[in-house]
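Trainee: Just dropping this structure here.
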There are 2 protein chains.
Amino acid sequence: MRSKTGISDKGQDKRHGGDTPPERISDAEYAVMEALWLRSPQTAAQVCETVCAERGWSMPTVKTLLSRLVAKGALDTQPDGRRFLYTPTLARSAYVGGESKRLVERLFGGRAAPLFAHLAENEALTPEDISEIERLLKELKQ
Amino acid sequence: MRSKTGISDKGQDKRHGGDTPPERISDAEYAVMEALWLRSPQTAAQVCETVCAERGWSMPTVKTLLSRLVAKGALDTQPDGRRFLYTPTLARSAYVGGESKRLVERLFGGRAAPLFAHLAENEALTPEDISEIERLLKELKQ
DNA sequence: ACCTTACGATTACGCTTGTAATCTGAACAC
DNA sequence: GTGTTCAGATTACAAGCGTAATCGTAAGGT
């Protein structure tokens, strides 16, 4: 019947138009997104080439994840012959931004400074990080 | 029989002695930890006073979460009459550090600078954050 | 016209999470 | 002593996740 994921199925759009909580993306799903953020569109097989090796997954697993991501509205599909090409709908920067914000809010009361302090205390900052951040700060200030 | 959580039960210790992945703490569980990080030890009822209101939970829910946290080794109990006093085993800073590191690794290739850049781009930095971070940087450099 | 193959769809299944109701046994009030 | 009460323990159950096998079917080969 080939629907649900690809063509047709223009039923209730499940668009998360702003208030619906943006449908969290799980760890496994994130791996798939990464592959597609690096290059897109890709077929399921291509995605598998990238992730199956590094995570020890099999094709069906990738397929499932792709479907779930489509269902969540994080991926879009376009038919290409008899298969699908998958493209991210959710931009990497949006995702990353959301996750960062979540963390900062949950753990640091929404303030970035304590996060920074924490990273500093834990030697999690390389000298490059430090000078890079300095540079950014300078940029911000003028 | 009163075990599993409290006294006795010195069976296979389930200590995550370094290699076992530190047993993630879920969102709901985190709320309970927060209450105990603010003040400890506390009884289940006391914890509920704090969290039941703000999350709309009932006592049984809190009990479950407490048990799970004990099972995960994030909380410790000491008997007090016929009830238990709960105390965090996992320090807040350790948890926060772990989570921050996880995020930075997953999303920013382990480098803190891109995270910072991201926060900057998204106006997620208040002026106070900025000057605070400047101060910290100065401290780090000398 | 068939047969194989390579897709996506459907179904599966055990584990964790969120949320809670029920059970059991000890403590305290008489 | 006996009944009520209030702990923690046990059980429940639906949703989400990780991981996958299987099904139905359209494309392509021959």
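Within each chain, counting starts at residue 1; across the structure tokens, chains are named A, B, ... in the order shown, with ligands numbered 1 upward in that order.
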Please build the interface table for chain A against chain D with a cut-off of 8 Å, listing for each qualifying residue the nearest atom pair and the distance in Å to one decimal; count only C-alpha atoms (C1' of nucleotides), order rows by chain and increasing number, and write it as CSV.
Mentor:
residue,atom,partner,partner_atom,distance
A:Ser26,CA,D:DC17,C1',7.5
A:Ala28,CA,D:DG18,C1',7.5
A:Trp57,CA,D:DT19,C1',8.0
A:Ser58,CA,D:DA20,C1',7.9
A:Pro60,CA,D:DA20,C1',6.3
A:Thr61,CA,D:DT19,C1',6.1
A:Arg82,CA,D:DA26,C1',7.5
Trainee: Can you build me a table of chain C residues sitting at most 12 Å from chain B, with the closest atom pair per residue and its distance in Å to one decimal, using only C-alpha atoms (C1' of nucleotides), sorted by chain and residue number, as CSV?
Mentor:
residue,atom,partner,partner_atom,distance
C:DT16,C1',B:Ser26,CA,9.2
C:DT17,C1',B:Ser26,CA,7.4
C:DG18,C1',B:Ala28,CA,7.5
C:DT19,C1',B:Thr61,CA,6.1
C:DA20,C1',B:Thr61,CA,6.2
C:DA21,C1',B:Pro60,CA,8.4
C:DT22,C1',B:Pro60,CA,10.6
C:DT24,C1',B:Met1,CA,9.3
C:DG25,C1',B:Met1,CA,8.2
C:DA26,C1',B:Arg82,CA,7.5
C:DA27,C1',B:Arg82,CA,7.7
C:DC28,C1',B:Arg82,CA,11.5
Trainee: Near chain B, meaning an atom within 6 Å, which residues of chain A appear when counting only C-alpha atoms? Write them as a PyMOL selection string.
Mentor: chain A and resi 113+129+133
Trainee: I need the residues of chain A that end up classed as alpha helix (DSSP H) by DSSP on the backbone, written out as a tab-separated table (two decimals) with N, CA and C atoms, in the first residue's frame.
Mentor:
chain	number	residue	atom	x	y	z
A	27	ASP	N	18.30	8.35	21.51
A	27	ASP	CA	19.71	8.15	21.25
A	27	ASP	C	19.97	7.44	19.93
A	28	ALA	N	19.29	6.32	19.76
A	28	ALA	CA	19.48	5.55	18.53
A	28	ALA	C	19.05	6.37	17.32
A	29	GLU	N	17.94	7.04	17.48
A	29	GLU	CA	17.45	7.84	16.37
A	29	GLU	C	18.44	8.94	16.02
A	30	TYR	N	19.06	9.47	17.01
A	30	TYR	CA	20.04	10.54	16.78
A	30	TYR	C	21.17	10.07	15.86
A	31	ALA	N	21.60	8.84	16.04
A	31	ALA	CA	22.67	8.31	15.19
A	31	ALA	C	22.26	8.37	13.74
A	32	VAL	N	21.00	8.04	13.49
A	32	VAL	CA	20.50	8.09	12.12
A	32	VAL	C	20.45	9.53	11.61
A	33	MET	N	19.97	10.41	12.45
A	33	MET	CA	19.92	11.81	12.05
A	33	MET	C	21.32	12.29	11.68
A	34	GLU	N	22.29	11.94	12.46
A	34	GLU	CA	23.66	12.38	12.18
A	34	GLU	C	24.08	12.02	10.78
A	35	ALA	N	23.82	10.77	10.42
A	35	ALA	CA	24.21	10.34	9.08
A	35	ALA	C	23.55	11.22	8.03
A	36	LEU	N	22.30	11.58	8.28
A	36	LEU	CA	21.58	12.36	7.28
A	36	LEU	C	21.95	13.83	7.35
A	37	TRP	N	22.43	14.26	8.47
A	37	TRP	CA	22.88	15.66	8.54
A	37	TRP	C	24.19	15.81	7.78
A	38	LEU	N	24.96	14.75	7.78
A	38	LEU	CA	26.23	14.79	7.06
A	38	LEU	C	25.99	14.83	5.56
A	44	ALA	N	17.69	4.28	2.59
A	44	ALA	CA	17.88	3.51	3.82
A	44	ALA	C	19.19	2.73	3.77
A	45	ALA	N	19.46	2.14	2.62
A	45	ALA	CA	20.68	1.34	2.48
A	45	ALA	C	21.92	2.20	2.70
A	46	GLN	N	21.89	3.40	2.18
A	46	GLN	CA	23.05	4.27	2.35
A	46	GLN	C	23.24	4.65	3.82
A	47	VAL	N	22.14	4.97	4.46
A	47	VAL	CA	22.23	5.29	5.88
A	47	VAL	C	22.82	4.12	6.62
A	48	CYS	N	22.35	2.92	6.28
A	48	CYS	CA	22.85	1.73	6.95
A	48	CYS	C	24.35	1.59	6.75
A	49	GLU	N	24.82	1.85	5.55
A	49	GLU	CA	26.26	1.76	5.32
A	49	GLU	C	27.02	2.57	6.36
A	50	THR	N	26.49	3.72	6.68
A	50	THR	CA	27.17	4.58	7.63
A	50	THR	C	27.01	4.07	9.07
A	51	VAL	N	25.79	3.82	9.47
A	51	VAL	CA	25.56	3.56	10.90
A	51	VAL	C	25.62	2.09	11.30
A	52	CYS	N	25.26	1.19	10.40
A	52	CYS	CA	25.22	-0.22	10.78
A	52	CYS	C	26.59	-0.67	11.28
A	53	ALA	N	27.62	-0.25	10.57
A	53	ALA	CA	28.96	-0.62	10.99
A	53	ALA	C	29.25	-0.07	12.38
A	54	GLU	N	29.14	1.24	12.51
A	54	GLU	CA	29.59	1.86	13.75
A	54	GLU	C	28.73	1.54	14.96
A	55	ARG	N	27.50	1.07	14.76
A	55	ARG	CA	26.69	0.72	15.91
A	55	ARG	C	26.34	-0.74	15.97
A	59	MET	N	20.01	-3.92	8.94
A	59	MET	CA	19.11	-3.11	8.14
A	59	MET	C	17.75	-2.86	8.79
A	60	PRO	N	17.07	-3.92	9.24
A	60	PRO	CA	15.73	-3.69	9.80
A	60	PRO	C	15.74	-2.63	10.89
A	61	THR	N	16.77	-2.64	11.66
A	61	THR	CA	16.84	-1.65	12.73
A	61	THR	C	16.85	-0.25	12.15
A	62	VAL	N	17.67	-0.06	11.15
A	62	VAL	CA	17.74	1.26	10.53
A	62	VAL	C	16.39	1.64	9.94
A	63	LYS	N	15.75	0.69	9.31
A	63	LYS	CA	14.43	0.96	8.73
A	63	LYS	C	13.45	1.44	9.80
A	64	THR	N	13.45	0.70	10.89
A	64	THR	CA	12.54	1.08	11.97
A	64	THR	C	12.82	2.50	12.42
A	65	LEU	N	14.08	2.79	12.64
A	65	LEU	CA	14.42	4.12	13.14
A	65	LEU	C	14.01	5.19	12.13
A	66	LEU	N	14.27	4.91	10.85
A	66	LEU	CA	13.87	5.87	9.83
A	66	LEU	C	12.36	6.11	9.89
A	67	SER	N	11.60	5.03	10.00
A	67	SER	CA	10.14	5.20	10.05
A	67	SER	C	9.73	6.03	11.25
A	68	ARG	N	10.31	5.72	12.39
A	68	ARG	CA	9.92	6.47	13.59
A	68	ARG	C	10.26	7.93	13.42
A	69	LEU	N	11.39	8.20	12.80
A	69	LEU	CA	11.77	9.60	12.62
A	69	LEU	C	10.82	10.30	11.66
A	70	VAL	N	10.39	9.58	10.64
A	70	VAL	CA	9.41	10.17	9.73
A	70	VAL	C	8.13	10.45	10.50
A	71	ALA	N	7.72	9.47	11.31
A	71	ALA	CA	6.49	9.64	12.09
A	71	ALA	C	6.60	10.85	13.02
A	92	ARG	N	19.94	20.34	12.04
A	92	ARG	CA	20.84	19.96	13.11
A	92	ARG	C	20.96	21.06	14.14
A	93	SER	N	21.09	22.27	13.66
A	93	SER	CA	21.30	23.36	14.62
A	93	SER	C	20.08	23.54	15.52
A	94	ALA	N	18.90	23.30	14.97
A	94	ALA	CA	17.71	23.43	15.79
A	94	ALA	C	17.72	22.36	16.87
A	95	TYR	N	18.05	21.16	16.47
A	95	TYR	CA	18.08	20.07	17.44
A	95	TYR	C	19.10	20.34	18.53
A	96	VAL	N	20.30	20.64	18.07
A	96	VAL	CA	21.38	20.89	19.01
A	96	VAL	C	21.02	22.05	19.94
A	97	GLY	N	20.44	23.06	19.36
A	97	GLY	CA	20.03	24.19	20.19
A	97	GLY	C	19.03	23.78	21.24
A	98	GLY	N	18.05	23.01	20.81
A	98	GLY	CA	17.03	22.58	21.75
A	98	GLY	C	17.60	21.74	22.87
A	99	GLU	N	18.46	20.81	22.51
A	99	GLU	CA	19.03	19.94	23.53
A	99	GLU	C	19.91	20.72	24.50
A	100	SER	N	20.66	21.66	23.96
A	100	SER	CA	21.53	22.45	24.83
A	100	SER	C	20.69	23.24	25.81
A	101	LYS	N	19.64	23.83	25.27
A	101	LYS	CA	18.79	24.64	26.11
A	101	LYS	C	18.18	23.77	27.22
A	102	ARG	N	17.69	22.62	26.82
A	102	ARG	CA	17.12	21.69	27.79
A	102	ARG	C	18.09	21.43	28.93
A	103	LEU	N	19.31	21.11	28.55
A	103	LEU	CA	20.29	20.79	29.58
A	103	LEU	C	20.54	21.97	30.49
A	104	VAL	N	20.78	23.11	29.87
A	104	VAL	CA	21.08	24.30	30.66
A	104	VAL	C	19.92	24.61	31.60
A	105	GLU	N	18.72	24.40	31.10
A	105	GLU	CA	17.57	24.70	31.94
A	105	GLU	C	17.44	23.71	33.10
A	106	ARG	N	17.53	22.45	32.74
A	106	ARG	CA	17.37	21.42	33.75
A	106	ARG	C	18.44	21.49	34.83
A	107	LEU	N	19.66	21.63	34.41
A	107	LEU	CA	20.75	21.46	35.36
A	107	LEU	C	21.32	22.76	35.90
A	108	PHE	N	21.13	23.83	35.19
A	108	PHE	CA	21.80	25.04	35.62
A	108	PHE	C	20.83	26.21	35.76
A	112	ALA	N	23.79	30.02	31.58
A	112	ALA	CA	24.91	29.37	30.92
A	112	ALA	C	26.19	29.44	31.74
A	113	ALA	N	26.32	30.48	32.53
A	113	ALA	CA	27.57	30.67	33.26
A	113	ALA	C	27.91	29.47	34.15
A	114	PRO	N	26.95	28.95	34.92
A	114	PRO	CA	27.30	27.81	35.76
A	114	PRO	C	27.75	26.60	34.95
A	115	LEU	N	27.17	26.43	33.79
A	115	LEU	CA	27.62	25.33	32.94
A	115	LEU	C	29.08	25.54	32.58
A	116	PHE	N	29.36	26.74	32.20
A	116	PHE	CA	30.74	27.06	31.85
A	116	PHE	C	31.67	26.82	33.03
A	117	ALA	N	31.25	27.29	34.18
A	117	ALA	CA	32.05	27.11	35.38
A	117	ALA	C	32.31	25.63	35.62
A	118	HIS	N	31.26	24.86	35.40
A	118	HIS	CA	31.40	23.43	35.63
A	118	HIS	C	32.43	22.81	34.70
A	119	LEU	N	32.33	23.17	33.44
A	119	LEU	CA	33.28	22.63	32.48
A	119	LEU	C	34.69	23.06	32.85
A	120	ALA	N	34.81	24.28	33.29
A	120	ALA	CA	36.12	24.79	33.66
A	120	ALA	C	36.69	23.98	34.82
A	121	GLU	N	35.89	23.83	35.85
A	121	GLU	CA	36.34	23.09	37.03
A	121	GLU	C	36.81	21.69	36.69
A	127	PRO	N	42.94	24.16	25.93
A	127	PRO	CA	43.43	25.52	25.69
A	127	PRO	C	42.80	26.11	24.44
A	128	GLU	N	42.58	25.27	23.43
A	128	GLU	CA	41.95	25.79	22.21
A	128	GLU	C	40.54	26.28	22.52
A	129	ASP	N	39.82	25.49	23.31
A	129	ASP	CA	38.48	25.91	23.69
A	129	ASP	C	38.54	27.30	24.31
A	130	ILE	N	39.47	27.43	25.22
A	130	ILE	CA	39.55	28.68	25.95
A	130	ILE	C	39.80	29.86	25.03
A	131	SER	N	40.78	29.71	24.15
A	131	SER	CA	41.05	30.88	23.32
A	131	SER	C	39.92	31.12	22.33
A	132	GLU	N	39.32	30.02	21.90
A	132	GLU	CA	38.17	30.17	21.00
A	132	GLU	C	37.04	30.93	21.69
A	133	ILE	N	36.81	30.57	22.91
A	133	ILE	CA	35.74	31.23	23.65
A	133	ILE	C	36.08	32.70	23.88
A	134	GLU	N	37.32	32.95	24.15
A	134	GLU	CA	37.74	34.35	24.30
A	134	GLU	C	37.43	35.14	23.05
A	135	ARG	N	37.76	34.53	21.94
A	135	ARG	CA	37.54	35.21	20.67
A	135	ARG	C	36.05	35.52	20.50
A	136	LEU	N	35.22	34.50	20.80
A	136	LEU	CA	33.78	34.68	20.66
A	136	LEU	C	33.27	35.78	21.59
A	137	LEU	N	33.83	35.80	22.76
A	137	LEU	CA	33.41	36.81	23.72
A	137	LEU	C	33.70	38.20	23.19
A	138	LYS	N	34.89	38.35	22.66
A	138	LYS	CA	35.28	39.64	22.11
A	138	LYS	C	34.30	40.06	21.03
A	139	GLU	N	33.99	39.10	20.18
A	139	GLU	CA	33.04	39.36	19.10
A	139	GLU	C	31.69	39.82	19.64
A	140	LEU	N	31.26	39.16	20.67
A	140	LEU	CA	29.96	39.45	21.25
A	140	LEU	C	29.91	40.86	21.79
A	141	LYS	N	31.02	41.27	22.34
A	141	LYS	CA	31.00	42.53	23.07
A	141	LYS	C	31.01	43.76	22.19
Trainee: Using backbone DSSP assignments, extract all strand (DSSP E or B) residues from chain B; output them as a list in words.
Mentor: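 Matching residues for strand (DSSP E or B) in chain B are Gln42, Leu75, Asp76, Thr77, Gln78, Pro79, Asp80, Arg83, Phe84, Leu85, Tyr86, Thr87 and Pro88 of chain B.
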Trainee: Between CA of Glu123 in chain B and CA of Gln142 in chain B, measure the distance and give it in Å to one decimal.
Mentor: 28.6 Å
Trainee: Work out how far CA of Asp80 in chain B is from CA of Glu23 in chain B, in Å to one decimal.
Mentor: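 Distance reported for this atom pair: 27.2 Å.
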